Amino acid sequence: MPFPIHALAHRPLTAGAVAELVSLAAASHVADDFDAVEDEVRRRGWSWEDSLVCESFRTADQHVLCCDSASPFGDPDARTFLVFGEVYPVNPHDENMANGPWLYGLMERWQELPGWSGRRPGTDEDCEAVLAQAAQVVTSHLGAPPERTISSSAALVAGPALTHRVWRTLTHALILGPAADNGPYGYLTHLQLSCTPLSCGPDLPSADDEDGLADWMAAHIDW
């Protein structure tokens with residue numbers, strides 16, 4: 001049975017966006033200096049993005065890129081997160097929709113980004129369709145299907161259980177799926193592709209170890 005959501009905004013993930021994200025760690029190093037980062041941001045056709053996610057970037061493909069480092073360029077230890085969708089799930093503890101007016105306003109700001117579209121209301125099936133399209137792009141770029149495919153848990157993200165997919169390169173984990181929007185935004189959820197060093201967690205747990213997989217993913221994507 002479909003699980004309802006209040007709103008979904010998204011921009012399809014592109015092959016170029018995946019390639020750019022994966023290549024950031026091996027790019028020419030740019031020091032954590034504002035002027036140096038600003039020059040690289042301009043060179044790539046990016047811009048700063050503070051209204052949707054604090055201290056993040058908007059890429060040339062109009063996705064939002066977050067990083068736990070001041071410079072995501074040429075830092076193999078940086079954790080980067082490319083947001084291509086935003087979800088306002090139904091909150092069972094907010095039956096009167098007290099947070100609805102301002103959260104809908106935030107969703108409208110996501111939807112207003114160039115190339116983004118929205119749906120209000122929607123279901124988890126709409127979110128899964130967005131994730132499935134993105135998974136096809138990642139699989140095509142890496143030349144391999146995901147190593148693990150599991151359903152998200154309440155420990156990782158609010159709202160309906162959605163599919164997480166995991167790939168690995170020699171140095172990094174790529175995790176596609178929902179993630180908590182940890183800014184001052186209330187009950188919202190990112191749909192994102194993260195690229196984080198494998199050193200963030202131990203070896204990938206077996207496919208039947210759901211708790212171990214959830215912990216492994218949290219170690220990589222939890223802020």
# chains A, B, ... in the order shown; residues from 1 in each chain; ligands from 1
>>> select_by_dssp(residues="segment 47-212 of chain A", states="helix (DSSP H, G or I)", output="count of residues only")
37
>>> closest_atom_pairs(of="segment 33-103 of chain A", to="segment 20-24 of chain A", cutoff="8 Å", atoms="only C-alpha atoms", output="Markdown table")
| residue | atom | partner | partner_atom | distance |
| --- | --- | --- | --- | --- |
| A:Pro72 | CA | A:Leu24 | CA | 6.6 |
| A:Phe73 | CA | A:Leu24 | CA | 5.4 |
| A:Gly74 | CA | A:Leu24 | CA | 5.9 |
| A:Asp75 | CA | A:Leu24 | CA | 7.6 |
| A:Thr80 | CA | A:Leu21 | CA | 7.8 |
| A:Leu82 | CA | A:Leu21 | CA | 7.4 |
>>> closest_residue(among="A:Thr123, A:Gln192, A:Ser51, A:Ser28", to="His63 of chain A", atoms="only C-alpha atoms")
A:Gln192
>>> residues_around(residues="Pro2 of chain A", least_positions_apart="2", cutoff="8 Å", atoms="only C-alpha atoms", output="MDAnalysis selection string")
chainID A and resid 4 123:125
>>> residues_around(residues="Arg168 of chain A", least_positions_apart="5", cutoff="8 Å", atoms="only C-alpha atoms", output="PyMOL selection string")
chain A and resi 147+173-174
>>> residues_around(residues="Val18 of chain A", least_positions_apart="5", cutoff="8 Å", atoms="only C-alpha atoms", output="list in words")
Leu13, Val137, Val138 and His141 of chain A
